[in-house]
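K.L.:
Mind looking over this structure? Questions follow.
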Amino acid sequence: MLFTVDPQSDVPVYRQLMEQVKFLIASGQLEPGDELPSTRTLSSELGVNPMTISKAYNYLEKDGVLERRPGLPLIVKALDDGQLQVRKEDLLRESLAPIVDMVRQLGIGHKEALRILGEMLDDAQREEELR
Amino acid sequence: MTEILAFKDIHRAYVRGVNVLQGVSFSLGQGEVVGLLGKNGAGKTTLLRIAMGMLEAQRGAVQLFGLDPRREPLAVKRRVGYVSEEQILPPFLSVRAVIALHRQLFPTWDDDLAAQLSARFGLSPRAKIGTLSKGEARQVALLCAAGHRPELLLLDEPAGGLDPVMRREFLETAIDLLNEGGTTVLFSSHYLFDVERLAGRVVMLHEGRVLLDSPLDDLRERYALALVPRGDGVTRDGLLALDGCLAARERADALHAVFQADPRRTEALLEREFGITGARCRAIALEEMFIELMGGQL
């Protein structure tokens with residue numbers, strides 16, 4: 001199954017789902033035209049209230065991520081490359097938000113924080129090249 | 001939204017003058033699933049029994065589908081499914097006989113649904129109620145409560161005493177029922193994990209009153225827990241006096257306070273009021289919220 005939720009996380013379940021759908025699309029695991037499981041299927045499988053699933057789907061539709069077709073499963077909406085890039089950046093921004101909070105709370109300067117991020121990206125790349 | 005169940009200013013005391021409920025008001029719209037929370041003795045069971053017409057409110061009114069359950073018990077009960085905390089099914093009857101009994105009582109009884117639930121639970125029709133495990137007896141009770149496709153399900157600690165596997169089974173069954181018919185559900189539970197999965201909204205009772213009534217998602221998006229370091233002259237009373245502070249309690253080296261505002265706004269408030277910059281404010285999940293509120297309410 002593509003989705004998992006943690007009902008005890010401090011992120012609401014519908015948001016967890018939205019983030020996962022967006023991530024799967026941005027990373028290419030879900031492609032335009034792919035069908036999403038029905039509200040009913042997903043709520044039984046995940047063991048969460050169907051209203052929670054429809055809430056996530058409704059927001060994703062409003063955000064232009066999913067497309068609703070009467071009587072048919074929801075599908076991933078087609079995107080051009082520019083939109084995909086924006087989507088990826090939005091996703092990164094969202095994930096970095098708590099990091100920004102932490103940087104401020106620790107009193108680390110902007111340059112310092114950027115240096116650390118740069119180093120970590122370099123390290124990750126090096127590791128990949130070694131493999 | 002059509003109002004399915006409404007409590008209006010419910011008061012109920014027991015003979016010894018102990019007030020159980022002191023002005024409880026809230027209502028459920030159609031299709032809503034509400035988790036009723038509170039410590040032992042908070043009045044959850046009493047409230048559900050009042051909804052069923054088994055107890056009368058001494059002040060205030062309860063209405064189900066716009067009807068008074070004391071005046072029109074039959075009309076109300078036909079449309080409601082109820083599983084009480086201590087289900088009393090006759091121990092000498094077989095599972096089949098208990099089901100047959102309910103089938104006769106409810107004109108809207110759905111044989112297919114009953115068969116489906118029975119198969120899912122793996123209930124053997126010939127087993128006597130008295131020989132069932134606690135979990136199996138609860139499953140029979142749920143089957144009887146849901147078999148007539150009620151418009152409203154009232155569940156009092158439905159998962160009490162069940163093992164994790166049975167609890168999950170129970171939960172999934174409830175979810176399937178929701179999927180099928182858009183049933184409205186009010187259930188009390190101490191298993192906040194289940195509440196997080198099943199409920200769309202929670203109502204917390206404390207000392208006979210509604211301490212909190214909020215959509216579950218809003219708990220995380222519109223409330224914050226602030227961890228305020230001790231010293232700097234900040235006191236519990238000082239925190240409680242702030243706008244939006246619901247509860248505060250003293251812990252080993254910090255004060256914990258729950259605010260009805262998101263973490264960023266709470267941080268800004270604390271900085272403005274007390275000049276605190278080191279307060280950690282974050283969103284909280286249900287269980288933590290429950291503990292913080294119960295341990296440090298106003």
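Every chain in the structure tokens takes a letter, A first, then B, and so on in the order presented; its residues are numbered from 1, and the ligands are numbered from 1 following the presented order.
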Please return, as a PyMOL selection string, all residues of range 7-127 of chain A that DSSP assigns to strand (DSSP E or B) on the basis of the backbone.
P.N.:
chain A and resi 35+66-67+75-76
K.L.:
Considering only C-alpha atoms, return as a PyMOL selection string whatever protein or nucleic-acid residues lie within 10 Å of Leu36 in chain A, sequence-local ones (same chain, fewer than 3 positions apart) excluded.
P.N.:
chain A and resi 2+21+30+33+39+41-42+57+66-67+73-76
K.L.:
Quick one: which residues from chain A are at most 10 Å off chain B, using only C-alpha atoms, as a ChimeraX atom specification?
P.N.:
/A:5-15,39-41,43-52,101-102,105-106
K.L.:
List the spatial neighbours of Gln83 in chain A as a short mmCIF file (atom, residue, chain, number, x, y, z; two decimals) with N, CA and C atoms, in the first residue's frame - criterion: any atom at most 12 Å away, only C-alpha atoms, same-chain residues fewer than 4 positions off excluded.
P.N.:
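Result went into selection-v3.cif, see below:
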data_model
loop_
_atom_site.label_atom_id
_atom_site.label_comp_id
_atom_site.auth_asym_id
_atom_site.auth_seq_id
_atom_site.Cartn_x
_atom_site.Cartn_y
_atom_site.Cartn_z
N ILE A 25 3.68 12.16 -5.96
CA ILE A 25 3.60 12.76 -7.30
C ILE A 25 4.91 13.46 -7.65
N ALA A 26 5.40 14.27 -6.71
CA ALA A 26 6.62 15.04 -6.98
C ALA A 26 7.80 14.10 -7.23
N GLY A 64 -5.61 21.49 -7.03
CA GLY A 64 -5.28 21.16 -8.41
C GLY A 64 -4.36 19.96 -8.55
N VAL A 65 -4.28 19.14 -7.50
CA VAL A 65 -3.40 17.97 -7.55
C VAL A 65 -4.13 16.76 -8.12
N LYS A 77 -3.76 14.63 -11.58
CA LYS A 77 -3.91 15.59 -12.66
C LYS A 77 -2.59 15.76 -13.43
N ALA A 78 -2.71 15.99 -14.73
CA ALA A 78 -1.50 16.19 -15.55
C ALA A 78 -0.83 17.51 -15.17
N LEU A 79 0.50 17.51 -15.25
CA LEU A 79 1.28 18.70 -14.88
C LEU A 79 2.31 18.97 -15.96
N ARG A 87 5.80 22.38 -7.55
CA ARG A 87 5.29 21.40 -6.59
C ARG A 87 6.41 20.89 -5.70
N LYS A 88 7.53 20.56 -6.34
CA LYS A 88 8.68 20.05 -5.58
C LYS A 88 9.18 21.09 -4.58
N GLU A 89 9.24 22.32 -5.07
CA GLU A 89 9.74 23.38 -4.18
C GLU A 89 8.79 23.63 -3.02
N ASP A 90 7.49 23.59 -3.31
CA ASP A 90 6.50 23.77 -2.23
C ASP A 90 6.68 22.71 -1.16
#
K.L.:
Which of these residues is nearest to Phe65 in chain B, using only C-alpha atoms: B:Leu143, B:Leu5, B:Ala248, B:Val98?
P.N.:
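For Phe65 in chain B, the nearest of the candidates is B:Leu5.
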K.L.:
Just asking: which residues within range 36-115 of chain B are alpha helix (DSSP H) according to DSSP, as a PyMOL selection string?
P.N.:
chain B and resi 44-51+73-77+95-105+111-115
K.L.:
Store the residues picked out above, limited to N, CA and C atoms, as a PDB file, in the first residue's frame.
P.N.:
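Generated output (selection.pdb):
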ATOM      1  N   LYS B  44     -19.676  10.438  31.514  1.00  0.00           N
ATOM      2  CA  LYS B  44     -19.883   9.978  30.135  1.00  0.00           C
ATOM      3  C   LYS B  44     -21.032   8.973  30.042  1.00  0.00           C
ATOM      4  N   THR B  45     -20.963   7.967  30.903  1.00  0.00           N
ATOM      5  CA  THR B  45     -21.996   6.926  30.895  1.00  0.00           C
ATOM      6  C   THR B  45     -23.355   7.528  31.225  1.00  0.00           C
ATOM      7  N   THR B  46     -23.391   8.405  32.218  1.00  0.00           N
ATOM      8  CA  THR B  46     -24.637   9.058  32.612  1.00  0.00           C
ATOM      9  C   THR B  46     -25.247   9.799  31.418  1.00  0.00           C
ATOM     10  N   LEU B  47     -24.405  10.511  30.697  1.00  0.00           N
ATOM     11  CA  LEU B  47     -24.883  11.288  29.551  1.00  0.00           C
ATOM     12  C   LEU B  47     -25.467  10.370  28.468  1.00  0.00           C
ATOM     13  N   LEU B  48     -24.771   9.259  28.209  1.00  0.00           N
ATOM     14  CA  LEU B  48     -25.266   8.329  27.186  1.00  0.00           C
ATOM     15  C   LEU B  48     -26.575   7.681  27.629  1.00  0.00           C
ATOM     16  N   ARG B  49     -26.670   7.407  28.918  1.00  0.00           N
ATOM     17  CA  ARG B  49     -27.911   6.807  29.427  1.00  0.00           C
ATOM     18  C   ARG B  49     -29.069   7.802  29.353  1.00  0.00           C
ATOM     19  N   ILE B  50     -28.753   9.070  29.538  1.00  0.00           N
ATOM     20  CA  ILE B  50     -29.787  10.101  29.384  1.00  0.00           C
ATOM     21  C   ILE B  50     -30.252  10.165  27.921  1.00  0.00           C
ATOM     22  N   ALA B  51     -29.300  10.034  27.010  1.00  0.00           N
ATOM     23  CA  ALA B  51     -29.665  10.053  25.585  1.00  0.00           C
ATOM     24  C   ALA B  51     -30.582   8.889  25.242  1.00  0.00           C
ATOM     25  N   PRO B  73     -40.184   6.720  23.648  1.00  0.00           N
ATOM     26  CA  PRO B  73     -39.059   5.777  23.715  1.00  0.00           C
ATOM     27  C   PRO B  73     -38.986   4.826  22.525  1.00  0.00           C
ATOM     28  N   LEU B  74     -40.097   4.351  22.085  1.00  0.00           N
ATOM     29  CA  LEU B  74     -40.080   3.358  21.019  1.00  0.00           C
ATOM     30  C   LEU B  74     -39.618   3.973  19.701  1.00  0.00           C
ATOM     31  N   ALA B  75     -40.219   5.124  19.382  1.00  0.00           N
ATOM     32  CA  ALA B  75     -39.869   5.812  18.133  1.00  0.00           C
ATOM     33  C   ALA B  75     -38.386   6.144  18.105  1.00  0.00           C
ATOM     34  N   VAL B  76     -37.844   6.490  19.269  1.00  0.00           N
ATOM     35  CA  VAL B  76     -36.425   6.836  19.334  1.00  0.00           C
ATOM     36  C   VAL B  76     -35.570   5.579  19.234  1.00  0.00           C
ATOM     37  N   LYS B  77     -35.895   4.579  20.035  1.00  0.00           N
ATOM     38  CA  LYS B  77     -35.034   3.392  20.119  1.00  0.00           C
ATOM     39  C   LYS B  77     -34.951   2.607  18.817  1.00  0.00           C
ATOM     40  N   VAL B  95     -26.316 -17.298  20.704  1.00  0.00           N
ATOM     41  CA  VAL B  95     -26.073 -16.135  19.855  1.00  0.00           C
ATOM     42  C   VAL B  95     -27.216 -15.983  18.862  1.00  0.00           C
ATOM     43  N   ARG B  96     -27.608 -17.103  18.273  1.00  0.00           N
ATOM     44  CA  ARG B  96     -28.672 -17.075  17.276  1.00  0.00           C
ATOM     45  C   ARG B  96     -29.980 -16.537  17.863  1.00  0.00           C
ATOM     46  N   ALA B  97     -30.295 -16.977  19.095  1.00  0.00           N
ATOM     47  CA  ALA B  97     -31.550 -16.549  19.722  1.00  0.00           C
ATOM     48  C   ALA B  97     -31.533 -15.054  20.031  1.00  0.00           C
ATOM     49  N   VAL B  98     -30.370 -14.560  20.462  1.00  0.00           N
ATOM     50  CA  VAL B  98     -30.269 -13.131  20.769  1.00  0.00           C
ATOM     51  C   VAL B  98     -30.464 -12.310  19.499  1.00  0.00           C
ATOM     52  N   ILE B  99     -29.850 -12.792  18.422  1.00  0.00           N
ATOM     53  CA  ILE B  99     -29.996 -12.083  17.145  1.00  0.00           C
ATOM     54  C   ILE B  99     -31.453 -12.121  16.681  1.00  0.00           C
ATOM     55  N   ALA B 100     -32.090 -13.285  16.832  1.00  0.00           N
ATOM     56  CA  ALA B 100     -33.492 -13.432  16.412  1.00  0.00           C
ATOM     57  C   ALA B 100     -34.392 -12.469  17.201  1.00  0.00           C
ATOM     58  N   LEU B 101     -34.050 -12.309  18.478  1.00  0.00           N
ATOM     59  CA  LEU B 101     -34.817 -11.414  19.343  1.00  0.00           C
ATOM     60  C   LEU B 101     -34.750  -9.979  18.826  1.00  0.00           C
ATOM     61  N   HIS B 102     -33.537  -9.543  18.498  1.00  0.00           N
ATOM     62  CA  HIS B 102     -33.376  -8.176  17.997  1.00  0.00           C
ATOM     63  C   HIS B 102     -34.051  -7.995  16.635  1.00  0.00           C
ATOM     64  N   ARG B 103     -33.977  -9.057  15.856  1.00  0.00           N
ATOM     65  CA  ARG B 103     -34.574  -9.008  14.528  1.00  0.00           C
ATOM     66  C   ARG B 103     -36.073  -8.723  14.634  1.00  0.00           C
ATOM     67  N   GLN B 104     -36.688  -9.325  15.672  1.00  0.00           N
ATOM     68  CA  GLN B 104     -38.129  -9.109  15.869  1.00  0.00           C
ATOM     69  C   GLN B 104     -38.444  -7.710  16.367  1.00  0.00           C
ATOM     70  N   LEU B 105     -37.511  -7.172  17.167  1.00  0.00           N
ATOM     71  CA  LEU B 105     -37.764  -5.864  17.770  1.00  0.00           C
ATOM     72  C   LEU B 105     -37.648  -4.721  16.775  1.00  0.00           C
ATOM     73  N   ASP B 111     -30.822  -8.478   7.441  1.00  0.00           N
ATOM     74  CA  ASP B 111     -30.256  -9.826   7.590  1.00  0.00           C
ATOM     75  C   ASP B 111     -28.879  -9.952   6.958  1.00  0.00           C
ATOM     76  N   ASP B 112     -28.713  -9.312   5.808  1.00  0.00           N
ATOM     77  CA  ASP B 112     -27.418  -9.397   5.128  1.00  0.00           C
ATOM     78  C   ASP B 112     -26.305  -8.805   5.982  1.00  0.00           C
ATOM     79  N   LEU B 113     -26.587  -7.634   6.537  1.00  0.00           N
ATOM     80  CA  LEU B 113     -25.592  -6.975   7.371  1.00  0.00           C
ATOM     81  C   LEU B 113     -25.276  -7.830   8.600  1.00  0.00           C
ATOM     82  N   ALA B 114     -26.328  -8.379   9.213  1.00  0.00           N
ATOM     83  CA  ALA B 114     -26.128  -9.206  10.405  1.00  0.00           C
ATOM     84  C   ALA B 114     -25.280 -10.433  10.072  1.00  0.00           C
ATOM     85  N   ALA B 115     -25.561 -11.040   8.925  1.00  0.00           N
ATOM     86  CA  ALA B 115     -24.800 -12.227   8.514  1.00  0.00           C
ATOM     87  C   ALA B 115     -23.338 -11.856   8.250  1.00  0.00           C
TER      88      ALA B 115
END
